[in-house]
file my_file_0.txt (compact mmCIF, C-alpha atoms)
# COMPACT_ATOMS: atom_id res chain seq x y z
CA MET A 194 101.04 -20.36 135.22
CA LYS A 195 102.95 -20.72 131.99
CA LYS A 196 100.39 -23.23 130.66
CA LEU A 197 97.54 -20.85 131.54
CA THR A 198 99.21 -18.03 129.68
CA LEU A 199 99.71 -20.18 126.57
CA THR A 200 96.09 -21.31 126.73
CA LEU A 201 94.81 -17.72 126.88
CA CYS A 202 97.01 -16.75 123.92
CA ALA A 203 95.68 -19.66 121.86
CA VAL A 204 92.05 -18.79 122.65
CA THR A 205 92.67 -15.15 121.73
CA ALA A 206 94.25 -16.13 118.39
CA PHE A 207 91.35 -18.40 117.46
CA ALA A 208 88.79 -15.74 118.41
CA SER A 209 90.57 -13.11 116.30
CA ALA A 210 90.63 -15.43 113.28
CA ALA A 211 86.94 -16.24 113.68
CA PHE A 212 85.82 -12.59 113.84
CA ALA A 213 88.19 -11.46 111.06
CA GLY A 214 85.92 -13.03 108.39
CA THR A 215 82.76 -11.30 109.60
CA SER A 216 81.87 -7.88 108.08
CA THR A 217 79.55 -5.45 109.78
CA TYR A 218 77.52 -2.72 107.98
CA SER A 219 75.79 0.32 109.28
CA GLY A 220 72.15 0.95 108.38
CA LYS A 221 73.16 3.57 105.79
CA GLU A 222 75.58 1.19 104.07
CA MET A 223 72.93 -1.57 103.90
CA LYS A 224 70.40 0.81 102.29
CA GLN A 225 72.98 1.95 99.74
CA ALA A 226 73.78 -1.66 98.81
CA ALA A 227 70.07 -2.40 98.34
CA VAL A 228 69.68 0.63 96.03
CA GLU A 229 72.67 -0.41 93.95
CA GLN A 230 71.20 -3.88 93.43
CA ALA A 231 67.70 -2.62 92.45
CA PRO A 232 66.79 -3.28 88.76
CA CYS A 233 66.56 -0.43 86.26
CA PRO A 234 63.06 0.92 85.51
CA GLU A 235 61.50 -0.44 82.33
CA TRP A 236 60.59 2.48 80.03
CA TYR A 237 59.97 0.29 76.95
CA ALA A 238 58.07 -2.99 77.00
CA ASP A 239 58.87 -6.13 75.04
CA ASN A 240 55.34 -6.21 73.58
CA GLU A 241 53.47 -2.93 73.21
CA TRP A 242 51.21 -0.91 70.91
CA ASN A 243 52.35 2.60 69.99
CA ILE A 244 50.11 5.39 68.67
CA GLY A 245 51.98 8.51 67.56
CA ILE A 246 50.65 11.92 66.55
CA SER A 247 53.10 14.41 65.01
CA GLY A 248 53.42 17.63 63.08
CA ILE A 249 55.31 17.71 59.77
CA TYR A 250 57.55 20.17 57.99
CA ALA A 251 58.19 18.85 54.45
CA PRO A 252 60.83 20.60 52.29
CA THR A 253 61.30 19.36 48.75
CA ALA A 254 64.56 17.71 47.73
CA ASN A 255 64.67 19.76 44.51
CA GLU A 256 64.19 23.45 43.79
CA TYR A 257 60.41 23.97 43.72
CA ARG A 258 60.32 25.09 40.05
CA GLU A 259 61.76 21.69 39.15
CA ASP A 260 59.51 19.69 41.48
CA THR A 261 56.90 17.69 39.57
CA TYR A 262 54.64 16.70 42.47
CA LEU A 263 54.44 19.09 45.43
CA GLY A 264 55.19 22.10 43.25
CA VAL A 265 56.39 24.17 46.24
CA ASP A 266 59.60 24.49 48.23
CA HIS A 267 57.96 23.23 51.45
CA ALA A 268 54.67 22.14 52.99
CA TRP A 269 53.19 21.72 56.49
CA GLY A 270 51.01 18.91 57.78
CA GLY A 271 50.49 16.13 60.27
CA ALA A 272 50.80 12.36 60.62
CA ILE A 273 49.50 9.48 62.71
CA ASP A 274 51.41 6.23 63.25
CA VAL A 275 50.15 2.95 64.68
CA LYS A 276 52.81 0.33 65.48
CA TYR A 277 53.04 -2.95 67.31
CA PHE A 278 56.40 -3.90 68.82
CA PHE A 279 56.40 -7.69 68.99
CA ARG A 280 59.83 -7.52 70.61
CA ARG A 281 61.56 -4.70 72.41
CA TYR A 282 63.59 -3.90 69.29
CA PHE A 283 61.29 -4.66 66.33
CA GLY A 284 57.92 -3.30 65.26
CA ILE A 285 55.56 -3.20 62.30
CA GLY A 286 52.97 -0.53 61.62
CA ILE A 287 51.11 1.85 59.37
CA GLN A 288 51.41 5.59 58.84
CA ALA A 289 48.95 8.11 57.38
CA PHE A 290 49.93 11.72 56.67
CA GLY A 291 48.52 14.86 55.09
CA LEU A 292 50.24 17.97 53.74
CA ALA A 293 48.75 21.40 53.04
CA VAL A 294 50.36 22.77 49.87
CA ASN A 295 50.00 26.51 49.21
CA ARG A 296 51.37 27.22 45.77
CA GLY A 297 50.70 30.97 46.02
CA ASP A 298 51.12 33.34 43.08
CA ASN A 299 53.74 31.59 41.00
CA GLY A 300 52.67 32.70 37.53
CA ARG A 301 50.85 29.51 36.55
CA PHE A 302 48.08 29.15 34.00
CA ASP A 303 45.39 26.72 35.21
CA PHE A 304 43.52 24.66 32.61
CA SER A 305 42.02 22.05 34.96
CA ASN A 306 38.64 23.85 35.14
CA ASP A 307 38.72 25.78 31.85
CA ILE A 308 40.13 28.79 33.71
CA PHE A 309 42.95 30.56 31.94
CA PHE A 310 44.51 32.34 34.93
CA GLY A 311 45.13 30.36 38.11
CA ASP A 312 44.20 31.36 41.63
CA ASP A 313 46.79 33.63 43.21
CA ASN A 314 46.57 31.64 46.47
CA GLU A 315 45.91 28.07 45.42
CA SER A 316 45.83 25.57 48.29
CA ASP A 317 45.81 21.80 47.85
CA PHE A 318 45.83 18.72 50.08
CA ILE A 319 48.32 15.93 49.53
CA GLY A 320 47.97 12.71 51.50
CA GLY A 321 49.58 9.32 51.74
CA GLY A 322 49.65 6.01 53.56
CA LEU A 323 52.44 3.50 54.20
CA VAL A 324 53.25 0.25 55.92
CA ASN A 325 56.60 0.20 57.68
CA PHE A 326 59.11 -1.84 59.67
CA THR A 327 60.86 -0.20 62.63
CA PHE A 328 64.02 -1.05 64.55
CA ARG A 329 64.54 0.73 67.87
CA TYR A 330 67.20 0.39 70.55
CA PRO A 331 66.12 1.42 74.07
CA ILE A 332 69.34 2.49 75.78
CA PRO A 333 69.62 0.42 79.01
CA CYS A 334 68.61 2.24 82.20
CA SER A 335 67.58 5.38 80.29
CA ARG A 336 64.48 7.03 78.82
CA PHE A 337 66.00 7.30 75.33
CA ALA A 338 65.53 5.04 72.31
CA PRO A 339 66.96 5.85 68.85
CA TYR A 340 65.08 4.19 66.00
CA ALA A 341 65.11 3.75 62.23
CA TRP A 342 62.47 2.56 59.80
CA VAL A 343 61.67 1.78 56.18
CA GLY A 344 58.23 1.89 54.60
CA THR A 345 56.34 1.76 51.33
CA GLY A 346 52.93 2.92 50.18
CA LEU A 347 51.06 5.48 48.08
CA ILE A 348 50.85 9.27 47.89
CA PHE A 349 48.06 11.15 46.13
CA GLY A 350 46.85 14.71 45.42
CA GLY A 351 49.91 16.29 43.82
CA ASP A 352 51.07 17.09 40.28
CA ASP A 353 48.25 19.52 39.40
CA ASN A 354 47.10 20.40 35.85
CA THR A 355 49.13 23.54 35.24
CA PHE A 356 51.48 25.14 32.79
CA ASN A 357 54.40 26.62 34.67
CA PHE A 358 55.88 29.90 33.40
CA ASP A 359 58.17 30.56 36.36
CA ASP A 360 61.52 29.71 34.85
CA ASP A 361 62.59 31.86 31.91
CA ASP A 362 65.75 29.86 31.32
CA ASP A 363 64.30 26.46 30.42
CA ILE A 364 61.67 26.09 27.71
CA ASP A 365 60.72 22.65 29.09
CA ASP A 366 59.53 24.30 32.31
CA PHE A 367 57.27 26.61 30.27
CA PHE A 368 55.03 23.74 29.23
CA ARG A 369 55.41 21.20 32.01
CA ARG A 370 52.00 19.66 32.67
CA GLY A 371 50.78 17.10 35.21
CA ASN A 372 47.66 15.14 36.14
CA THR A 373 45.27 16.22 38.90
CA ASP A 374 45.25 13.96 41.98
CA ASP A 375 47.98 11.76 40.55
CA ALA A 376 48.66 8.76 42.85
CA ARG A 377 52.20 7.40 42.93
CA LEU A 378 54.19 4.71 44.67
CA MET A 379 56.30 5.99 47.54
CA ALA A 380 59.18 4.68 49.66
CA GLN A 381 60.22 6.20 52.97
CA TYR A 382 63.47 5.88 54.95
CA GLY A 383 63.88 7.57 58.32
CA VAL A 384 65.77 7.87 61.62
CA GLY A 385 64.85 9.47 64.93
CA PHE A 386 64.77 9.13 68.71
CA GLU A 387 62.16 8.89 71.43
CA THR A 388 62.26 10.20 74.99
CA ARG A 389 59.85 8.60 77.46
CA PHE A 390 58.35 10.86 80.12
CA THR A 391 56.57 7.83 81.58
CA PRO A 392 56.42 4.20 80.40
CA ARG A 393 53.21 5.20 78.56
CA ILE A 394 54.01 8.65 77.08
CA GLY A 395 56.98 9.67 74.96
CA TRP A 396 58.24 12.52 72.79
CA THR A 397 59.42 11.61 69.28
CA ASN A 398 61.60 13.51 66.80
CA ASP A 399 62.63 12.14 63.42
CA VAL A 400 63.47 12.93 59.81
CA SER A 401 62.71 10.84 56.72
CA TYR A 402 63.46 10.89 53.01
CA ASN A 403 60.44 10.21 50.80
CA HIS A 404 61.21 8.79 47.37
CA LEU A 405 58.34 9.05 44.86
CA GLU A 406 57.77 7.22 41.63
CA GLY A 407 59.09 9.34 38.76
CA GLY A 408 61.78 12.01 38.78
CA HIS A 409 62.22 15.39 40.46
CA ASN A 410 59.55 14.83 43.12
CA ASP A 411 61.25 13.57 46.31
CA PHE A 412 60.88 15.41 49.61
CA PHE A 413 61.83 15.23 53.28
CA GLN A 414 59.64 15.00 56.36
CA VAL A 415 60.83 16.52 59.64
CA ARG A 416 58.47 15.49 62.43
CA THR A 417 57.97 16.05 66.16
CA GLY A 418 55.14 14.72 68.26
CA LEU A 419 53.83 12.54 71.09
CA ASN A 420 53.82 8.76 71.31
CA PHE A 421 51.41 6.76 73.48
CA ALA A 422 52.33 3.18 74.47
CA PHE A 423 49.87 0.51 75.57

call {"tool": "encode", "arguments": {"input": "my_file_0.txt", "output": "structure tokens"}}
result
Amino acid sequence: MKKLTLTLCAVTAFASAAFAGTSTYSGKEMKQAAVEQAPCPEWYADNEWNIGISGIYAPTANEYREDTYLGVDHAWGGAIDVKYFFRRYFGIGIQAFGLAVNRGDNGRFDFSNDIFFGDDNESDFIGGGLVNFTFRYPIPCSRFAPYAWVGTGLIFGGDDNTFNFDDDDDIDDFFRRGNTDDARLMAQYGVGFETRFTPRIGWTNDVSYNHLEGGHNDFFQVRTGLNFAF
């Protein structure tokens, strides 16, 4: 009887040790573990084309009476960007933009067409094109990607043929004169962020500083628009 009791105790001990290393999960716990191990959705591809369309607000970096290119304190316009991201983080592309410049009644005398008094509501178009290099950083497991870029190109259509009589304090401003449709070299530096609604459609917001050849003619571009990825 004593041997039987010891045998039963030994069998019980071995059985307890064997089952102690086995874990059991309910159906809910197994589903939760599967969800936790699922990979994050990919909002940004390693290789993709981007086409962006955006609106522009462009304030000048200087007071408009001192500006030698736009000749206003701000302008409105639009831009289109085409980029190819050859890696998730790096892309090259081109940008084209146009600005509507309304100089209004600023007391200018216009000699470009043998007219002594300028139009009280003179409107001009200023355009430009650049090539650029972009660095972006898609935040892991999110829809957001901050980015920065540098670019260089040409701008044309500003610096009209006018004598400016706006500023009574500086005689140099009385007789400042430019060249119609003057094209200049331009450099652009910008930062922004993108939010992807889907892996193919995103919303972009950015700001850039545009440095033009010559002095007193730089301006900013504040943009918002849609980006389409392919």

call {"tool": "closest_residue", "arguments": {"input": "my_file_0.txt", "among": "A:Asn295, A:Asn403, A:Thr417, A:Thr253", "to": "A:Phe386", "atoms": "all atoms listed in the file"}}
result
A:Thr417

call {"tool": "atom_distance", "arguments": {"input": "my_file_0.txt", "atom1": "atom CA of A:Ala422", "atom2": "atom CA of A:Asn240"}}
result
9.9 Å

call {"tool": "atom_distance", "arguments": {"input": "my_file_0.txt", "atom1": "atom CA of A:Tyr282", "atom2": "atom CA of A:Cys233"}}
result
17.6 Å

call {"tool": "closest_residue", "arguments": {"input": "my_file_0.txt", "among": "A:Ile319, A:Tyr330, A:Asn255, A:Arg377", "to": "A:Gly407", "atoms": "all atoms listed in the file"}}
result
A:Arg377

call {"tool": "atom_distance", "arguments": {"input": "my_file_0.txt", "atom1": "atom CA of A:Gly408", "atom2": "atom CA of A:Thr327"}}
result
26.8 Å

call {"tool": "residues_near_point", "arguments": {"input": "my_file_0.txt", "point": "(56.7, 18.9, 44.1)", "cutoff": "8 Å", "atoms": "all atoms listed in the file", "output": "mmCIF file with C-alpha atoms, keeping the file's coordinate frame"}}
result
data_model
loop_
_atom_site.group_PDB
_atom_site.id
_atom_site.type_symbol
_atom_site.label_atom_id
_atom_site.label_comp_id
_atom_site.auth_asym_id
_atom_site.auth_seq_id
_atom_site.Cartn_x
_atom_site.Cartn_y
_atom_site.Cartn_z
ATOM 1 C CA THR A 253 61.300 19.360 48.750
ATOM 2 C CA TYR A 257 60.410 23.970 43.720
ATOM 3 C CA GLU A 259 61.760 21.690 39.150
ATOM 4 C CA ASP A 260 59.510 19.690 41.480
ATOM 5 C CA THR A 261 56.900 17.690 39.570
ATOM 6 C CA TYR A 262 54.640 16.700 42.470
ATOM 7 C CA LEU A 263 54.440 19.090 45.430
ATOM 8 C CA GLY A 264 55.190 22.100 43.250
ATOM 9 C CA VAL A 265 56.390 24.170 46.240
ATOM 10 C CA ASP A 266 59.600 24.490 48.230
ATOM 11 C CA GLY A 351 49.910 16.290 43.820
ATOM 12 C CA ASP A 352 51.070 17.090 40.280
ATOM 13 C CA HIS A 409 62.220 15.390 40.460
ATOM 14 C CA ASN A 410 59.550 14.830 43.120
ATOM 15 C CA ASP A 411 61.250 13.570 46.310
ATOM 16 C CA PHE A 412 60.880 15.410 49.610
#

call {"tool": "residues_around", "arguments": {"input": "my_file_0.txt", "residues": "A:Phe349", "least_positions_apart": "3", "cutoff": "10 Å", "atoms": "all atoms listed in the file", "output": "list in words"}}
result
Tyr262, Gly291, Phe318, Ile319, Gly320, Gly321, Gly322, Asp352, Thr373, Asp374, Asp375, Ala376, Arg377, Leu378 and Met379 of chain A

call {"tool": "closest_residue", "arguments": {"input": "my_file_0.txt", "among": "A:Gly350, A:Pro392, A:Ser335, A:Leu323", "to": "A:Ile285", "atoms": "only C-alpha atoms"}}
result
A:Leu323

call {"tool": "residues_around", "arguments": {"input": "my_file_0.txt", "residues": "A:Trp242", "least_positions_apart": "3", "cutoff": "7 Å", "atoms": "all atoms listed in the file", "output": "ChimeraX atom specification"}}
result
/A:276-278,422-423

call {"tool": "closest_residue", "arguments": {"input": "my_file_0.txt", "among": "A:Tyr250, A:Phe283, A:Trp269, A:Phe290", "to": "A:Tyr340", "atoms": "all atoms listed in the file"}}
result
A:Phe283

call {"tool": "closest_residue", "arguments": {"input": "my_file_0.txt", "among": "A:Gly284, A:Pro333, A:Gly418, A:Gly383", "to": "A:Pro232", "atoms": "all atoms listed in the file"}}
result
A:Pro333
